[in-house]
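So this block is target_3.txt, compact mmCIF, C-alpha atoms:
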```txt
# COMPACT_ATOMS: atom_id res chain seq x y z
CA MET A 1 75.15 112.28 167.42
CA TYR A 2 74.55 109.28 165.17
CA GLU A 3 70.95 108.11 165.54
CA LEU A 4 70.90 104.50 164.43
CA ALA A 5 67.81 103.45 166.33
CA ASP A 6 65.45 104.54 163.54
CA LYS A 7 67.61 103.29 160.67
CA LYS A 8 66.87 100.25 158.54
CA LEU A 9 70.40 98.94 158.85
CA ASP A 10 69.70 95.62 157.16
CA LEU A 11 66.96 93.39 155.80
CA TYR A 12 65.67 92.43 159.25
CA ASP A 13 65.13 96.04 160.28
CA ASP A 14 63.18 96.63 157.06
CA SER A 15 60.00 94.59 157.48
CA GLY A 16 58.28 96.63 154.78
CA MET A 17 61.13 95.98 152.29
CA GLU A 18 61.31 99.71 151.56
CA VAL A 19 65.05 99.80 150.93
CA VAL A 20 65.07 96.68 148.75
CA GLY A 21 62.36 98.22 146.60
CA ARG A 22 64.60 101.15 145.72
CA TYR A 23 67.39 98.86 144.51
CA GLN A 24 65.33 96.42 142.47
CA ASP A 25 67.29 97.06 139.27
CA ARG A 26 70.58 96.16 140.94
CA LEU A 27 69.11 92.97 142.42
CA GLU A 28 67.79 91.89 139.03
CA LYS A 29 71.27 92.31 137.54
CA LEU A 30 72.70 90.16 140.35
CA ALA A 31 70.07 87.42 140.01
CA GLU A 32 72.36 85.12 138.00
CA VAL A 33 75.24 85.43 140.47
CA THR A 34 73.05 84.85 143.51
CA ALA A 35 71.02 82.00 141.99
CA GLY A 36 70.82 79.02 144.33
CA SER A 37 71.48 81.21 147.36
CA SER A 38 68.44 82.09 149.46
CA ILE A 39 67.72 84.66 152.13
CA GLN A 40 67.60 82.94 155.51
CA GLY A 41 65.66 83.76 158.64
CA PRO A 42 66.87 85.01 162.03
CA ASP A 43 67.00 81.47 163.47
CA VAL A 44 69.55 80.43 160.84
CA LEU A 45 71.60 83.62 161.13
CA ALA A 46 71.74 83.18 164.90
CA LYS A 47 73.84 80.05 164.36
CA LEU A 48 76.48 81.88 162.33
CA SER A 49 79.72 83.16 163.82
CA ASN A 50 80.59 86.84 164.21
CA ASP A 51 83.01 86.46 161.31
CA ASP A 52 80.04 85.99 159.00
CA PHE A 53 78.94 89.60 159.60
CA ALA A 54 80.60 92.79 158.42
CA ILE A 55 80.15 94.50 161.77
CA VAL A 56 79.20 93.57 165.33
CA PHE A 57 78.17 96.04 168.02
CA LEU A 58 78.73 94.86 171.58
CA LEU A 59 76.21 96.58 173.86
CA PRO A 60 76.86 97.41 177.53
CA ASN A 61 74.48 94.65 178.64
CA GLY A 62 76.61 92.08 176.78
CA ARG A 63 74.20 91.62 173.89
CA GLU A 64 75.61 91.52 170.38
CA VAL A 65 73.96 93.35 167.50
CA ARG A 66 75.31 91.77 164.32
CA LYS A 67 74.74 93.48 161.00
CA TYR A 68 75.38 92.82 157.30
CA ALA A 69 75.53 89.04 156.92
CA MET A 70 77.94 88.06 154.18
CA HIS A 71 78.15 84.27 154.37
CA SER A 72 76.37 83.72 151.05
CA PRO A 73 76.04 85.52 147.70
CA ALA A 74 72.41 86.54 148.33
CA HIS A 75 73.09 87.93 151.80
CA THR A 76 76.24 89.72 150.64
CA ALA A 77 74.38 91.43 147.79
CA LEU A 78 71.63 92.61 150.13
CA SER A 79 74.09 93.69 152.81
CA GLY A 80 75.90 95.83 150.26
CA ILE A 81 72.65 97.60 149.43
CA TYR A 82 71.71 98.26 153.05
CA PHE A 83 75.20 99.36 153.95
CA GLU A 84 75.24 101.86 151.09
CA GLU A 85 71.89 103.18 152.31
CA ASN A 86 73.11 103.68 155.90
CA ALA A 87 76.89 104.14 155.73
CA ALA A 88 76.73 107.84 156.58
CA ALA A 89 74.90 107.08 159.85
CA ILE A 90 77.54 104.63 161.11
CA PRO A 91 80.53 105.90 163.14
CA GLU A 92 83.72 106.21 161.09
CA GLY A 93 85.68 103.33 162.65
CA PRO A 94 83.01 100.66 162.23
CA ARG A 95 82.05 102.11 158.84
CA LYS A 96 85.55 101.68 157.39
CA VAL A 97 85.93 98.15 158.71
CA ALA A 98 82.48 97.08 157.52
CA ALA A 99 83.10 98.55 154.07
CA TRP A 100 86.39 96.67 153.68
CA ARG A 101 84.87 93.38 154.86
CA LEU A 102 81.90 93.77 152.50
CA LEU A 103 84.24 94.53 149.60
CA GLN A 104 86.15 91.29 150.28
CA ALA A 105 82.87 89.35 150.58
CA HIS A 106 81.69 90.62 147.20
CA VAL A 107 84.94 89.53 145.59
CA ARG A 108 84.86 86.17 147.38
CA HIS A 109 81.34 85.40 146.12
CA GLY A 110 82.01 86.61 142.57
CA ILE A 111 79.75 89.64 142.85
CA GLU A 112 80.73 92.94 141.26
CA PRO A 113 81.13 95.36 144.18
CA PRO A 114 78.99 98.52 144.15
CA ALA A 115 80.88 101.64 143.09
CA PHE A 116 81.06 103.07 146.59
CA LEU A 117 82.86 99.94 147.87
CA GLN A 118 85.43 99.77 145.08
CA PHE A 119 87.43 102.69 146.49
CA THR A 120 87.39 101.50 150.10
CA GLU A 121 90.55 101.98 152.14
CA LYS A 122 91.97 98.76 153.44
CA GLU A 123 91.08 98.26 157.12
CA ALA A 124 91.84 94.55 157.38
CA SER A 125 94.00 94.93 160.49
CA LEU A 126 91.17 96.37 162.58
CA PRO A 127 88.72 94.23 164.58
CA HIS A 128 85.10 94.24 163.42
CA VAL A 129 83.57 93.95 166.91
CA PHE A 130 82.98 97.34 168.49
CA ALA A 131 82.01 97.98 172.10
CA VAL A 132 79.42 100.72 172.35
CA ALA A 133 81.18 102.33 175.33
CA ASP A 134 84.38 102.64 173.27
CA LEU A 135 82.50 104.40 170.50
CA GLU A 136 80.80 106.76 172.94
CA GLU A 137 77.63 106.50 170.90
CA PRO A 138 74.79 105.87 173.39
CA GLU A 139 72.24 105.79 170.57
CA LEU A 140 73.64 102.40 169.57
CA ASP A 141 72.04 100.90 172.65
CA LYS A 142 68.73 101.61 170.97
CA VAL A 143 69.67 99.67 167.85
CA ALA A 144 67.31 96.73 167.82
CA THR A 145 68.31 93.16 167.29
CA VAL A 146 66.69 91.35 164.38
CA GLU A 147 63.64 90.23 166.34
CA GLU A 148 62.95 93.57 168.02
CA PHE A 149 62.29 95.38 164.75
CA ILE A 150 59.78 92.77 163.58
CA PRO A 151 56.15 93.39 164.61
CA ASN A 152 54.37 90.78 166.75
CA GLU A 153 51.80 90.29 164.01
CA GLU A 154 54.36 88.39 161.93
CA PHE A 155 54.59 85.60 164.53
CA LEU A 156 52.01 82.91 165.25
CA LEU A 157 53.13 82.61 168.87
CA VAL A 158 53.61 85.63 171.13
CA ARG A 159 53.80 85.03 174.89
CA GLU A 160 54.93 87.13 177.83
CA LEU A 161 57.24 85.09 180.07
CA ASP A 162 57.34 85.21 183.86
CA ASN A 163 60.39 87.47 183.74
CA GLY A 164 58.52 90.00 181.61
CA GLU A 165 60.32 89.16 178.37
CA ILE A 166 58.30 88.48 175.23
CA HIS A 167 58.77 85.09 173.58
CA ARG A 168 57.92 84.96 169.87
CA ALA A 169 58.09 82.03 167.50
CA TYR A 170 56.81 80.72 164.16
CA ARG A 171 57.31 83.70 161.87
CA VAL A 172 55.55 83.07 158.56
CA THR A 173 55.76 86.09 156.25
CA ASN A 174 57.17 84.19 153.26
CA TYR A 175 57.60 80.70 151.81
CA SER A 176 60.98 79.91 153.40
CA GLN A 177 59.89 81.10 156.84
CA CYS A 178 56.70 79.05 156.58
CA LYS A 179 58.67 75.95 155.58
CA GLU A 180 61.07 76.46 158.48
CA ALA A 181 58.18 77.01 160.92
CA CYS A 182 56.53 73.76 159.81
CA GLU A 183 59.77 71.87 160.36
CA THR A 184 60.25 73.52 163.74
CA PHE A 185 56.76 72.49 164.85
CA GLU A 186 57.45 68.86 164.00
CA HIS A 187 60.35 68.55 166.45
CA SER A 188 59.40 71.24 168.98
CA TYR A 189 55.64 70.85 169.42
CA LEU A 190 56.11 69.39 172.90
CA ASP A 191 57.38 72.79 174.05
CA LEU A 192 53.89 74.20 173.47
CA GLU A 193 50.75 73.97 175.55
CA PRO A 194 48.31 71.47 173.97
CA ALA A 195 45.82 74.16 172.89
CA ASP A 196 48.69 76.13 171.32
CA ARG A 197 49.75 73.03 169.41
CA ALA A 198 46.36 72.85 167.74
CA ASN A 199 46.01 76.60 167.17
CA ILE A 200 49.49 77.01 165.70
CA ALA A 201 49.16 73.88 163.58
CA HIS A 202 45.91 75.17 162.08
CA ALA A 203 47.49 78.56 161.38
CA LEU A 204 50.59 76.95 159.84
CA MET A 205 48.48 74.83 157.51
CA LYS A 206 46.56 77.92 156.40
CA GLU A 207 49.81 79.78 155.68
CA ALA A 208 51.31 76.75 153.92
CA GLU A 209 48.28 76.35 151.66
CA ALA A 210 48.36 80.06 150.78
CA ARG A 211 51.99 79.70 149.64
CA GLY A 212 51.65 76.38 147.84
CA LEU A 213 53.82 74.60 150.41
CA GLU A 214 53.22 70.86 150.69
CA VAL A 215 53.18 69.73 154.32
CA SER A 216 54.06 66.15 155.26
CA GLY A 217 54.93 66.36 158.96
CA GLU A 218 52.94 63.74 160.89
CA LYS A 219 52.51 65.83 164.05
CA LEU A 220 51.59 68.98 162.19
CA LEU A 221 48.97 67.18 160.10
CA LYS A 222 47.49 65.61 163.20
CA TYR A 223 47.19 68.78 165.28
CA ALA A 224 45.93 70.75 162.28
CA SER A 225 43.18 68.24 161.56
CA ASP A 226 39.46 68.92 162.04
CA GLN A 227 38.70 65.23 161.72
CA LEU A 228 38.01 62.83 164.53
CA ASN A 229 40.73 60.30 165.23
CA PRO A 230 39.12 56.87 164.58
CA SER A 231 40.99 55.56 167.63
CA TYR A 232 40.02 58.38 169.96
CA GLY A 233 37.89 56.01 172.07
CA ALA A 234 41.08 54.38 173.30
CA SER A 235 42.14 57.62 174.99
CA PHE A 236 38.84 57.73 176.88
CA THR A 237 39.30 54.10 177.93
CA LEU A 238 42.77 54.82 179.29
CA ARG A 239 41.53 57.86 181.21
CA LEU A 240 38.67 55.83 182.72
CA HIS A 241 41.19 53.28 183.94
CA MET A 242 43.39 55.96 185.46
CA LEU A 243 40.40 57.43 187.31
CA GLY A 244 39.34 54.06 188.67
CA ASP A 245 36.34 54.36 191.03
CA LYS A 246 36.47 58.14 191.29
CA PRO A 247 33.12 59.84 190.60
CA GLU A 248 34.76 61.83 187.78
CA ALA A 249 34.92 58.61 185.75
CA GLN A 250 31.17 58.75 185.19
CA ALA A 251 31.42 62.35 184.01
CA LEU A 252 34.05 61.32 181.46
CA ASP A 253 31.93 58.46 180.19
CA ASP A 254 28.96 60.83 179.92
CA LEU A 255 31.12 63.21 177.86
CA ARG A 256 32.06 60.43 175.46
CA LYS A 257 28.43 59.33 175.05
CA HIS A 258 27.23 62.91 174.59
CA ALA A 259 29.92 63.55 171.96
CA GLU A 260 28.85 60.48 170.01
CA LYS A 261 25.11 61.20 170.33
CA THR A 262 25.36 64.82 169.23
CA GLN A 263 28.15 64.19 166.70
CA MET A 264 30.20 66.85 168.45
CA ALA A 265 32.97 68.42 166.35
CA ALA A 266 36.42 66.97 166.95
CA LEU A 267 37.91 70.26 168.17
CA GLU A 268 35.06 70.78 170.62
CA ILE A 269 35.59 67.28 172.03
CA ALA A 270 39.28 68.12 172.46
CA HIS A 271 38.42 71.40 174.23
CA GLN A 272 36.04 69.59 176.59
CA LEU A 273 38.58 66.86 177.26
CA GLU A 274 41.28 69.43 178.01
CA LYS A 275 38.98 71.11 180.54
CA PHE A 276 38.20 67.72 182.12
CA ASP A 277 41.88 66.71 182.35
CA ARG A 278 42.81 69.99 184.04
CA GLU A 279 39.97 69.76 186.54
CA THR A 280 40.75 66.16 187.49
CA GLY A 281 44.54 66.45 187.53
CA LEU A 282 45.05 64.11 184.57
CA SER A 283 46.85 66.96 182.81
CA GLN A 284 49.98 66.13 184.82
CA PHE A 285 50.29 62.93 182.78
CA TRP A 286 50.15 64.59 179.35
CA ASP A 287 53.06 63.47 177.14
CA GLN A 288 54.01 60.97 179.86
CA GLY A 289 52.00 57.94 178.88
CA LEU A 290 48.83 59.93 178.24
CA LEU A 291 48.28 61.77 174.98
CA ASP A 292 47.18 65.35 175.40
CA PRO A 293 43.48 65.98 174.55
CA TYR A 294 44.17 67.24 171.04
CA ALA A 295 46.50 64.40 170.11
CA SER A 296 43.93 62.02 171.61
CA VAL A 297 40.99 63.31 169.63
CA LEU A 298 42.29 64.81 166.39
CA GLY A 299 43.41 62.69 163.48
CA ASN A 300 44.17 62.93 159.79
CA GLY A 301 41.60 60.32 158.83
CA LYS A 302 43.97 57.40 159.16
CA VAL A 303 43.44 54.63 161.69
CA ALA A 304 46.46 54.33 163.97
CA THR A 305 47.77 50.78 163.82
CA ILE A 306 50.49 48.48 165.14
CA ASN A 307 51.98 45.99 162.71
CA VAL A 308 52.11 42.40 163.92
CA ASP A 309 53.38 39.79 161.46
CA GLY A 310 52.59 42.05 158.53
CA LYS A 311 49.04 42.67 159.73
CA ASP A 312 47.95 46.15 160.85
CA ILE A 313 46.11 45.97 164.17
CA PRO A 314 44.12 49.09 165.18
CA GLU A 315 45.64 50.68 168.27
CA GLN A 316 42.15 51.19 169.64
CA LYS A 317 41.63 47.42 169.86
CA ILE A 318 44.75 47.07 171.97
CA ALA A 319 43.89 50.03 174.20
CA GLU A 320 40.34 48.78 174.77
CA LEU A 321 41.75 45.67 176.44
CA VAL A 322 42.28 47.86 179.51
CA GLY A 323 38.54 47.55 180.14
CA HIS A 324 38.43 43.84 179.25
CA THR A 325 41.48 42.36 180.94
CA GLU A 326 39.66 39.06 181.50
CA LYS A 327 40.57 38.21 177.92
CA ILE A 328 44.29 38.33 178.62
CA ALA A 329 44.72 38.15 182.41
CA ASP A 330 46.09 34.58 182.31
CA MET A 331 48.97 35.74 180.09
CA PHE A 332 50.52 38.04 182.71
CA ARG A 333 52.45 37.37 185.90
CA GLY A 334 53.18 39.61 188.85
CA ASP A 335 52.63 43.30 188.15
CA LEU A 336 52.82 42.95 184.36
CA LEU A 337 49.06 43.24 183.97
CA ALA A 338 49.06 46.49 185.98
CA LYS A 339 51.82 47.84 183.76
CA PHE A 340 49.81 46.93 180.68
CA GLN A 341 46.77 48.73 182.08
CA ASP A 342 48.84 51.88 182.70
CA ASP A 343 50.38 51.93 179.20
CA PRO A 344 48.69 49.36 176.94
CA LEU A 345 50.20 50.49 173.65
CA GLY A 346 53.70 50.94 175.03
CA GLU A 347 53.70 47.58 176.81
CA PHE A 348 52.26 45.82 173.76
CA ARG A 349 55.06 47.16 171.57
CA ARG A 350 57.63 45.87 174.07
CA MET A 351 56.17 42.34 174.17
CA PRO A 352 57.79 39.40 172.36
CA LEU A 353 56.26 38.73 168.95
CA SER A 354 54.82 35.40 170.16
CA VAL A 355 52.85 37.17 172.93
CA GLN A 356 51.65 39.85 170.51
CA ARG A 357 50.38 37.11 168.20
CA ASP A 358 48.48 35.45 171.04
CA ILE A 359 46.80 38.71 172.05
CA VAL A 360 45.85 39.51 168.44
CA THR A 361 44.27 36.06 168.15
CA ARG A 362 42.18 36.67 171.27
CA ILE A 363 40.82 40.03 170.14
CA SER A 364 40.17 39.04 166.53
```

Let's see the structure in the file written out as structure tokens.
Amino acid sequence: MYELADKKLDLYDDSGMEVVGRYQDRLEKLAEVTAGSSIQGPDVLAKLSNDDFAIVFLLPNGREVRKYAMHSPAHTALSGIYFEENAAAIPEGPRKVAAWRLLQAHVRHGIEPPAFLQFTEKEASLPHVFAVADLEEPELDKVATVEEFIPNEEFLLVRELDNGEIHRAYRVTNYSQCKEACETFEHSYLDLEPADRANIAHALMKEAEARGLEVSGEKLLKYASDQLNPSYGASFTLRLHMLGDKPEAQALDDLRKHAEKTQMAALEIAHQLEKFDRETGLSQFWDQGLLDPYASVLGNGKVATINVDGKDIPEQKIAELVGHTEKIADMFRGDLLAKFQDDPLGEFRRMPLSVQRDIVTRIS
């Protein structure tokens, strides 16, 4: 019986880099050939086709376990090392096919094949996708996919889903993973709960600083900030308008005054505002015209502005008009004023330049 479940078949089964450590001399000799080719993370490998791997195991549940990436010089070199380490544990059919495919990949990338590959029998006519049932090797069903062999501690986000599955994201054990995680946050932060956005952003910044990675993403810098957004008052004003005459409006105003009086830390204000939004139902409007509490309160020290005729107008000044509509009421017809009150910044940006100029003149 071949027991593959406990084997470090490739780099992603070997979180401790034990196998790589034993072949350091070979890797140093290959450094010139593999220069400019980096080791990529599971997210990138997931986008490759089956042809980019030396061997693919098709499990009974339909899941594919793909091993020995060979789409680049660096991955091919590493795959050769791991295959040599584990070849004896792989069933004969898949072993012969994988060996032949790895030999061809080494030649294709200009890498001198290891001695054990140079005498490989040609198996080019055989498919490289093997169904576990055909192999009659039940232990293969225990072979983990890339993610399953990686401990939870290497991810910044670990959540159990409603179906019982574990969702993990933002792996940051090296420079390239950290860089990829920062880029992922910038375009996927809306998939996270607001508190997770702040927590993960702070953790990402800490990891980035430790690795000398310069971060420029606007969203990441904002959620990772400990500073108070100079325009945060506008978010309170908008919430007060949305609450109208409800008694909760007074509680919100009291929170704002207390935060200012006690010089409450920005993160604590955001925590309190999140609690308030959830209790009053305002949370249903997050990311739909209402910034979440952390985006509302946290800032990177810059005043958010809107450019009108080359002049930067603080967003807070525009948003505060919600509580002083008498200054601009004569400029609106029909339900336009109500629309402005619901989304002052959005409506202002959609106004003709001439109207924007008039409003700026009135609030100057």

What gap, in Å, lies between atom CA of A:Trp100 and atom CA of A:Leu58?
19.6 Å

To one decimal place in Å, what is the distance between atom CA of A:Leu282 and atom CA of A:Ser188?
22.4 Å

Take every atom of stretch 260-269 of chain A listed in the file, fit an axis-aligned box around them, add 6 Å per side, and give the centre and edge lengths in Å to one decimal as AutoDock Vina command-line options.
```
--center_x 31.5 --center_y 65.6 --center_z 169.2 --size_x 24.8 --size_y 22.3 --size_z 17.7
```

Show which residues sit within 9 Å of stretch 106-117 of chain A, as number ranges by chain. Count only C-alpha atoms, and ignore same-chain residues fewer than 5 positions away.
A: 30, 33-34, 70-73, 76-77, 80-81, 84, 99-101

Convert the current residue selection to file output with C-alpha atoms, as a PDB file, in the coordinates of the input.
```pdb
ATOM      1  CA  LEU A  30      72.700  90.160 140.350  1.00  0.00           C
ATOM      2  CA  VAL A  33      75.240  85.430 140.470  1.00  0.00           C
ATOM      3  CA  THR A  34      73.050  84.850 143.510  1.00  0.00           C
ATOM      4  CA  MET A  70      77.940  88.060 154.180  1.00  0.00           C
ATOM      5  CA  HIS A  71      78.150  84.270 154.370  1.00  0.00           C
ATOM      6  CA  SER A  72      76.370  83.720 151.050  1.00  0.00           C
ATOM      7  CA  PRO A  73      76.040  85.520 147.700  1.00  0.00           C
ATOM      8  CA  THR A  76      76.240  89.720 150.640  1.00  0.00           C
ATOM      9  CA  ALA A  77      74.380  91.430 147.790  1.00  0.00           C
ATOM     10  CA  GLY A  80      75.900  95.830 150.260  1.00  0.00           C
ATOM     11  CA  ILE A  81      72.650  97.600 149.430  1.00  0.00           C
ATOM     12  CA  GLU A  84      75.240 101.860 151.090  1.00  0.00           C
ATOM     13  CA  ALA A  99      83.100  98.550 154.070  1.00  0.00           C
ATOM     14  CA  TRP A 100      86.390  96.670 153.680  1.00  0.00           C
ATOM     15  CA  ARG A 101      84.870  93.380 154.860  1.00  0.00           C
TER      16      ARG A 101
END
```

Please indicate the distance in Å from atom CA of A:Phe53 to atom CA of A:Ala98, rounded to one decimal place.
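According to the coordinates, atom CA of A:Phe53 and atom CA of A:Ala98 are separated by 8.5 Å.
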
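For A:Asp342, the set of protein, DNA and RNA residues having any atom at most 12 Å away, when counting all atoms listed in the file and skipping those fewer than 5 positions along the same chain, is Ser235, Thr237, Leu238, Arg239, Leu240, His241, Met242, Leu243, Gly244, Phe285, Gln288, Gly289, Leu290, Ala319, Leu321, Val322, Gly323, Asp335, Leu336, Leu337, Glu347 and Phe348 of chain A.
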
Out of A:Pro194, A:Arg333, A:Pro42, A:Leu353, which residue has the shortest atom-to-atom distance to A:Lys275 when counting all atoms listed in the file?
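Comparing A:Pro194, A:Arg333, A:Pro42, A:Leu353 against A:Lys275, the winner is A:Pro194.
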
Please provide as a ChimeraX atom specification all residues within 10 Å of A:Gly217, with the sequence filter that same-chain residues fewer than 6 positions apart are discarded (counting all atoms listed in the file).
/A:182-183,185-187

A:Ile55, A:Ala74, A:Met351, A:Leu221 ranked by distance to A:Gly93, top pick (using only C-alpha atoms)
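Nearest to A:Gly93: A:Ile55.
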
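Every protein, DNA or RNA residue with an atom at most 10 Å from A:Ile269, where only C-alpha atoms count and chain neighbours fewer than 4 positions away do not, is listed here: Leu228, Leu255, Arg256, His258, Ala259, Glu260, Gln263, Met264, Ala265, Leu273, Glu274, Lys275, Pro293, Tyr294, Ser296, Val297 and Leu298 of chain A.
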
Compile the contact shell of A:Asp196 as a count of residues only: residues with an atom at most 10 Å away, counting all atoms listed in the file, same-chain residues fewer than 6 positions apart removed.
6

Measuring atom to atom with all atoms listed in the file, identify which of A:Ala201, A:Tyr175, A:Asp312, A:Thr361 is nearest to A:Glu218.
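Looking at the shortest contact to A:Glu218, the residue is A:Ala201.
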
So which one's closest to A:Val172, A:Ala208, A:Ala270, A:Leu45, A:Leu192? Using all atoms listed in the file, please.
A:Ala208

Closest of A:Gly233, A:Glu315, A:Arg349, A:His271 to A:Asp253 - atom-to-atom distances counting all atoms listed in the file
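Distance minimum relative to A:Asp253 lands on A:Gly233.
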
Restricting the calculation to all atoms listed in the file: of A:Asp277, A:Phe155, A:Glu180, A:Ile166, which residue gets closest to A:Ala203?
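Among the listed residues, the smallest separation from A:Ala203 belongs to A:Phe155.
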